[in-house]
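To be precise, the following lines are upload_19.pdb, and they hold PDB, C-alpha atoms and all ligand atoms.
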```pdb
ATOM      1  CA  MET A   1      79.583  82.775 120.453
ATOM      2  CA  GLU A   2      82.490  84.173 122.417
ATOM      3  CA  THR A   3      85.433  85.107 120.205
ATOM      4  CA  GLU A   4      88.471  87.273 120.750
ATOM      5  CA  GLN A   5      88.529  90.870 119.479
ATOM      6  CA  LYS A   6      91.294  90.055 116.997
ATOM      7  CA  ILE A   7      89.030  87.420 115.414
ATOM      8  CA  HIS A   8      86.201  89.978 115.148
ATOM      9  CA  THR A   9      88.623  92.439 113.524
ATOM     10  CA  PHE A  10      89.892  89.811 111.075
ATOM     11  CA  ILE A  11      86.342  88.811 110.077
ATOM     12  CA  TRP A  12      85.428  92.483 109.589
ATOM     13  CA  LYS A  13      88.463  92.944 107.315
ATOM     14  CA  VAL A  14      87.547  89.822 105.326
ATOM     15  CA  LEU A  15      83.970  91.010 104.811
ATOM     16  CA  HIS A  16      85.052  94.570 103.902
ATOM     17  CA  ASN A  17      87.957  93.608 101.592
ATOM     18  CA  GLY A  18      90.389  95.162 104.049
ATOM     19  CA  LEU A  19      93.237  92.641 104.024
ATOM     20  CA  ALA A  20      96.623  93.403 102.473
ATOM     21  CA  VAL A  21      96.355  90.878  99.655
ATOM     22  CA  TYR A  22      98.248  91.584  96.421
ATOM     23  CA  GLY A  23      95.043  92.478  94.583
ATOM     24  CA  ASN A  24      94.487  95.303  97.079
ATOM     25  CA  LEU A  25      98.150  96.337  97.336
ATOM     26  CA  THR A  26      98.418  96.923  93.579
ATOM     27  CA  LYS A  27      95.846  99.722  93.955
ATOM     28  CA  PHE A  28      98.567 101.671  95.769
ATOM     29  CA  ASN A  29     101.703 100.206  94.211
ATOM     30  CA  THR A  30     101.557  99.301  90.526
ATOM     31  CA  HIS A  31     105.093  97.880  90.569
ATOM     32  CA  ILE A  32     104.047  94.648  92.274
ATOM     33  CA  SER A  33     102.159  91.708  90.830
ATOM     34  CA  ASN A  34      98.570  91.040  91.850
ATOM     35  CA  ILE A  35      98.920  87.304  91.201
ATOM     36  CA  CYS A  36      98.457  84.861  94.097
ATOM     37  CA  SER A  37     101.851  83.994  95.567
ATOM     38  CA  LEU A  38     100.724  80.463  96.417
ATOM     39  CA  CYS A  39      99.229  79.153  93.167
ATOM     40  CA  ASN A  40     100.562  81.762  90.701
ATOM     41  CA  SER A  41      97.430  81.362  88.609
ATOM     42  CA  GLU A  42      94.813  83.937  89.684
ATOM     43  CA  GLU A  43      94.563  87.435  91.134
ATOM     44  CA  GLU A  44      95.153  87.373  94.882
ATOM     45  CA  THR A  45      91.887  88.764  96.260
ATOM     46  CA  VAL A  46      90.605  88.183  99.788
ATOM     47  CA  GLN A  47      88.080  85.678  98.433
ATOM     48  CA  HIS A  48      90.724  83.859  96.393
ATOM     49  CA  LEU A  49      93.464  83.762  99.050
ATOM     50  CA  LEU A  50      91.233  82.604 101.896
ATOM     51  CA  PHE A  51      88.634  80.465 100.175
ATOM     52  CA  SER A  52      89.181  79.754  96.460
ATOM     53  CA  CYS A  53      92.922  79.105  96.135
ATOM     54  CA  GLN A  54      93.787  75.416  95.925
ATOM     55  CA  PHE A  55      96.149  75.882  98.883
ATOM     56  CA  SER A  56      93.548  77.461 101.164
ATOM     57  CA  LYS A  57      91.027  74.799 100.159
ATOM     58  CA  ALA A  58      93.568  72.135 101.150
ATOM     59  CA  VAL A  59      94.023  73.780 104.553
ATOM     60  CA  PHE A  60      90.260  73.901 105.150
ATOM     61  CA  GLN A  61      89.972  70.249 104.074
ATOM     62  CA  ALA A  62      92.796  69.198 106.416
ATOM     63  CA  SER A  63      91.409  71.176 109.365
ATOM     64  CA  PRO A  64      89.564  69.382 112.165
ATOM     65  CA  LEU A  65      86.322  70.777 110.709
ATOM     66  CA  HIS A  66      87.024  69.196 107.241
ATOM     67  CA  ILE A  67      85.398  72.120 105.438
ATOM     68  CA  ASP A  68      84.842  71.574 101.714
ATOM     69  CA  ILE A  69      84.154  75.000 100.187
ATOM     70  CA  PRO A  70      81.961  74.803  97.073
ATOM     71  CA  MET A  71      82.798  77.144  94.163
ATOM     72  CA  ASP A  72      81.167  80.598  94.243
ATOM     73  CA  THR A  73      80.455  80.489  97.976
ATOM     74  CA  SER A  74      80.504  83.974  99.496
ATOM     75  CA  SER A  75      82.852  84.964 102.313
ATOM     76  CA  MET A  76      79.820  85.672 104.517
ATOM     77  CA  ASP A  77      78.434  82.152 103.976
ATOM     78  CA  ILE A  78      81.802  80.580 104.805
ATOM     79  CA  ILE A  79      82.279  82.651 107.961
ATOM     80  CA  GLN A  80      78.734  81.925 109.153
ATOM     81  CA  PHE A  81      79.337  78.198 108.604
ATOM     82  CA  TRP A  82      82.720  78.357 110.390
ATOM     83  CA  LEU A  83      81.213  80.208 113.377
ATOM     84  CA  SER A  84      78.381  77.671 113.675
ATOM     85  CA  GLN A  85      80.798  74.724 113.507
ATOM     86  CA  THR A  86      83.284  76.274 115.905
ATOM     87  CA  ASP A  87      80.509  76.937 118.386
ATOM     88  CA  GLN A  88      79.371  73.306 118.214
ATOM     89  CA  ASN A  89      82.865  71.858 118.426
ATOM     90  CA  ALA A  90      84.369  74.230 120.955
ATOM     91  CA  ASN A  91      87.248  72.267 122.363
ATOM     92  CA  LYS A  92      89.653  74.487 124.172
ATOM     93  CA  TRP A  93      93.358  73.850 124.390
ATOM     94  CA  GLN A  94      94.397  72.392 127.741
ATOM     95  CA  ALA A  95      97.747  72.847 129.401
ATOM     96  CA  PRO A  96      99.801  69.710 130.084
ATOM     97  CA  PRO A  97      99.983  68.327 133.634
ATOM     98  CA  PRO A  98     102.666  69.722 135.992
ATOM     99  CA  TYR A  99     106.285  68.991 134.969
ATOM    100  CA  HIS A 100     105.239  68.188 131.413
ATOM    101  CA  ILE A 101     105.693  70.093 128.157
ATOM    102  CA  LYS A 102     103.096  69.988 125.414
ATOM    103  CA  ILE A 103     104.375  70.367 121.864
ATOM    104  CA  ASN A 104     101.721  70.962 119.229
ATOM    105  CA  VAL A 105     102.828  70.356 115.652
ATOM    106  CA  ASP A 106     101.088  70.794 112.341
ATOM    107  CA  ALA A 107     102.029  70.689 108.705
ATOM    108  CA  ALA A 108     100.481  71.032 105.289
ATOM    109  CA  TYR A 109     101.759  69.959 101.885
ATOM    110  CA  LEU A 110     100.396  70.408  98.390
ATOM    111  CA  ASP A 111     101.985  70.226  94.934
ATOM    112  CA  GLY A 112     105.575  70.442  96.080
ATOM    113  CA  LYS A 113     105.096  73.240  98.610
ATOM    114  CA  GLY A 114     104.515  72.940 102.302
ATOM    115  CA  ALA A 115     104.852  74.398 105.745
ATOM    116  CA  ALA A 116     105.345  72.973 109.214
ATOM    117  CA  THR A 117     105.232  74.456 112.682
ATOM    118  CA  ALA A 118     105.679  73.439 116.314
ATOM    119  CA  VAL A 119     104.823  75.241 119.550
ATOM    120  CA  ALA A 120     106.015  74.209 123.040
ATOM    121  CA  ILE A 121     104.032  75.191 126.156
ATOM    122  CA  ASP A 122     104.626  74.218 129.794
ATOM    123  CA  SER A 123     102.035  73.287 132.424
ATOM    124  CA  SER A 124     101.497  76.923 133.437
ATOM    125  CA  GLY A 125     100.685  77.863 129.819
ATOM    126  CA  ARG A 126     104.025  79.643 129.347
ATOM    127  CA  HIS A 127     105.310  79.702 125.769
ATOM    128  CA  LEU A 128     108.688  77.939 125.718
ATOM    129  CA  GLY A 129     109.418  78.265 122.043
ATOM    130  CA  SER A 130     108.122  77.784 118.557
ATOM    131  CA  GLU A 131     109.388  77.261 115.064
ATOM    132  CA  ALA A 132     107.861  77.375 111.612
ATOM    133  CA  PHE A 133     109.303  76.812 108.199
ATOM    134  CA  CYS A 134     108.216  76.532 104.596
ATOM    135  CA  PHE A 135     109.643  74.196 102.002
ATOM    136  CA  ASP A 136     109.373  74.034  98.231
ATOM    137  CA  SER A 137     110.178  70.383  97.720
ATOM    138  CA  PHE A 138     109.395  67.286  99.650
ATOM    139  CA  SER A 139     111.375  64.117 100.291
ATOM    140  CA  SER A 140     111.519  61.444 102.944
ATOM    141  CA  MET A 141     114.543  63.308 104.362
ATOM    142  CA  VAL A 142     112.266  66.229 105.317
ATOM    143  CA  ALA A 143     109.751  63.953 106.982
TER     144      ALA A 143
HETATM  145 ZN    ZN B   1      95.997  81.054  94.708
END
```

What do you get writing this file as structure tokens?
Ligand SMILES: [Zn+2]
Amino acid sequence: METEQKIHTFIWKVLHNGLAVYGNLTKFNTHISNICSLCNSEEETVQHLLFSCQFSKAVFQASPLHIDIPMDTSSMDIIQFWLSQTDQNANKWQAPPPYHIKINVDAAYLDGKGAATAVAIDSSGRHLGSEAFCFDSFSSMVA
């Protein structure tokens, strides 16, 4: 499978516990909490933040791959599954036709917290702008 170098680097950091999650940061700074900033219920390890936290599980469920991560699944198993699925479903982003702008939007919401983002690209693939925001409460006014 052909993946970008930054993806290889990220996977290496996941597998070698090299991400700056709170559980790792407290090894160097004891004045910060090691609790997950999303769920506030467990230590924020790489495994928890990416695969076990209820928020990350919701993101995987809502993704086009609809990944349901069983409890106690290793990071290596999840990455191998993701790579096999991505390889099978490789659908590359396509630029809009000339004189058109493509705006991709996405959002996630769970238990009163959410995030939304939008990215605008023109027909030459030039980034025109983007915006992202997080919210702590949800109402029909936000939608
Ligand atoms: Zn969590």

Subject >> For Leu19 (chain A): contacts at 12 Å, all atoms listed in the file, fewer than 4 positions along chain excluded, given as number ranges by chain >> reply: A: 9-15, 23-25, 44-50

Store the residues picked out above, limited to C-alpha atoms, as a PDB file, in the frame of the given file.
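As written to disk, selection36.pdb reads:
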```pdb
ATOM      1  CA  THR A   9      88.623  92.439 113.524  1.00  0.00           C
ATOM      2  CA  PHE A  10      89.892  89.811 111.075  1.00  0.00           C
ATOM      3  CA  ILE A  11      86.342  88.811 110.077  1.00  0.00           C
ATOM      4  CA  TRP A  12      85.428  92.483 109.589  1.00  0.00           C
ATOM      5  CA  LYS A  13      88.463  92.944 107.315  1.00  0.00           C
ATOM      6  CA  VAL A  14      87.547  89.822 105.326  1.00  0.00           C
ATOM      7  CA  LEU A  15      83.970  91.010 104.811  1.00  0.00           C
ATOM      8  CA  GLY A  23      95.043  92.478  94.583  1.00  0.00           C
ATOM      9  CA  ASN A  24      94.487  95.303  97.079  1.00  0.00           C
ATOM     10  CA  LEU A  25      98.150  96.337  97.336  1.00  0.00           C
ATOM     11  CA  GLU A  44      95.153  87.373  94.882  1.00  0.00           C
ATOM     12  CA  THR A  45      91.887  88.764  96.260  1.00  0.00           C
ATOM     13  CA  VAL A  46      90.605  88.183  99.788  1.00  0.00           C
ATOM     14  CA  GLN A  47      88.080  85.678  98.433  1.00  0.00           C
ATOM     15  CA  HIS A  48      90.724  83.859  96.393  1.00  0.00           C
ATOM     16  CA  LEU A  49      93.464  83.762  99.050  1.00  0.00           C
ATOM     17  CA  LEU A  50      91.233  82.604 101.896  1.00  0.00           C
TER      18      LEU A  50
END
```

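Atom pair CA of Ala20 (chain A) / CA of Ala116 (chain A): separated by 23.2 Å.
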
Subject >> Answer key for the PyMOL selection byres (((not hetatm)) within 12 of (chain B and resi 1)), residues as a ChimeraX atom specification >> reply: /A:21-23,34-58

Near Phe133 (chain A), within 10 Å and counting all atoms listed in the file, which residues show up once chain neighbours fewer than 2 positions away are dropped, as a PDB file with C-alpha atoms, in the coordinates of the input?
```
ATOM      1  CA  ALA A 107     102.029  70.689 108.705  1.00  0.00           C
ATOM      2  CA  GLY A 114     104.515  72.940 102.302  1.00  0.00           C
ATOM      3  CA  ALA A 115     104.852  74.398 105.745  1.00  0.00           C
ATOM      4  CA  ALA A 116     105.345  72.973 109.214  1.00  0.00           C
ATOM      5  CA  THR A 117     105.232  74.456 112.682  1.00  0.00           C
ATOM      6  CA  ALA A 118     105.679  73.439 116.314  1.00  0.00           C
ATOM      7  CA  GLU A 131     109.388  77.261 115.064  1.00  0.00           C
ATOM      8  CA  PHE A 135     109.643  74.196 102.002  1.00  0.00           C
TER       9      PHE A 135
END
```

**OP:** With all atoms listed in the file counted, which protein, DNA or RNA residues have an atom no more than 12 Å from (99.0, 66.2, 127.8) in the file frame? Please answer as a count of residues only.
**Re:** 17

**OP:** Kindly give the distance, in Å, that separates CA of Gln80 (chain A) and CA of Asp106 (chain A), rounded to a single decimal.
**Re:** 25.2 Å

**OP:** Check what the PyMOL selection byres (((chain A and resi 64-71) around 10) and not hetatm) selects in the file above and give those residues as a PyMOL selection string.
**Re:** chain A and resi 51-52+56-63+72-74+77-78+81-82+85-86+89

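We find CA of Ala132 (chain A) and CA of Val119 (chain A) to be spaced 8.8 Å apart.
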
Requested file, region 13-90 of chain A restricted to C-alpha atoms, as a compact mmCIF listing (two decimals), in the first residue's frame:
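The resulting selection.txt:
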```txt
# COMPACT_ATOMS: atom_id res chain seq x y z
CA LYS A 13 4.65 6.74 16.97
CA VAL A 14 1.39 4.92 17.77
CA LEU A 15 3.12 1.54 17.88
CA HIS A 16 6.06 2.86 19.95
CA ASN A 17 3.99 4.94 22.43
CA GLY A 18 5.57 8.10 21.04
CA LEU A 19 2.59 10.46 20.92
CA ALA A 20 2.25 13.44 23.26
CA VAL A 21 -0.78 12.12 25.14
CA TYR A 22 -1.28 13.25 28.75
CA GLY A 23 -0.22 9.85 30.09
CA ASN A 24 3.18 10.33 28.44
CA LEU A 25 3.47 14.06 29.21
CA THR A 26 3.06 13.47 32.96
CA LYS A 27 6.33 11.50 32.89
CA PHE A 28 8.07 14.83 32.27
CA ASN A 29 5.66 17.25 33.95
CA THR A 30 3.94 16.07 37.12
CA HIS A 31 1.88 19.27 37.38
CA ILE A 32 -0.56 18.22 34.66
CA SER A 33 -3.31 15.64 34.81
CA ASN A 34 -2.97 12.35 32.95
CA ILE A 35 -6.74 12.00 32.57
CA CYS A 36 -8.26 11.91 29.07
CA SER A 37 -9.42 15.41 28.12
CA LEU A 38 -12.33 14.03 26.10
CA CYS A 39 -14.06 11.61 28.48
CA ASN A 40 -12.45 12.65 31.80
CA SER A 41 -12.70 9.08 33.03
CA GLU A 42 -9.46 7.20 32.23
CA GLU A 43 -5.74 7.82 31.81
CA GLU A 44 -5.01 9.30 28.39
CA THR A 45 -2.69 6.70 26.84
CA VAL A 46 -2.13 6.26 23.11
CA GLN A 47 -4.32 3.15 23.17
CA HIS A 48 -7.08 4.92 25.10
CA LEU A 49 -7.08 8.19 23.12
CA LEU A 50 -7.04 6.58 19.68
CA PHE A 51 -8.95 3.36 20.17
CA SER A 52 -10.64 2.87 23.57
CA CYS A 53 -12.10 6.29 24.43
CA GLN A 54 -15.82 6.54 23.76
CA PHE A 55 -15.14 9.60 21.58
CA SER A 56 -12.56 7.89 19.37
CA LYS A 57 -14.82 4.84 19.06
CA ALA A 58 -17.62 7.14 17.88
CA VAL A 59 -15.33 8.65 15.25
CA PHE A 60 -14.30 5.21 13.97
CA GLN A 61 -17.97 4.14 13.89
CA ALA A 62 -18.97 7.28 11.96
CA SER A 63 -16.10 6.96 9.47
CA PRO A 64 -16.75 5.62 5.97
CA LEU A 65 -15.12 2.35 7.09
CA HIS A 66 -17.60 1.95 10.04
CA ILE A 67 -14.93 0.36 12.23
CA ASP A 68 -16.24 -1.16 15.46
CA ILE A 69 -13.22 -1.71 17.73
CA PRO A 70 -13.72 -4.61 20.16
CA MET A 71 -12.38 -4.18 23.72
CA ASP A 72 -8.75 -5.24 24.30
CA THR A 73 -7.80 -5.02 20.62
CA SER A 74 -4.14 -4.10 20.19
CA SER A 75 -2.99 -1.01 18.29
CA MET A 76 -1.17 -3.28 15.82
CA ASP A 77 -4.36 -5.24 15.06
CA ILE A 78 -6.33 -2.03 14.51
CA ILE A 79 -3.70 -0.50 12.22
CA GLN A 80 -3.38 -3.71 10.20
CA PHE A 81 -7.17 -3.80 9.78
CA TRP A 82 -7.27 -0.10 8.82
CA LEU A 83 -4.48 -0.54 6.24
CA SER A 84 -6.24 -3.55 4.68
CA GLN A 85 -9.57 -1.69 4.48
CA THR A 86 -8.02 1.50 3.17
CA ASP A 87 -6.23 -0.45 0.47
CA GLN A 88 -9.48 -2.11 -0.62
CA ASN A 89 -11.51 1.09 -0.53
CA ALA A 90 -8.96 3.49 -1.94
```
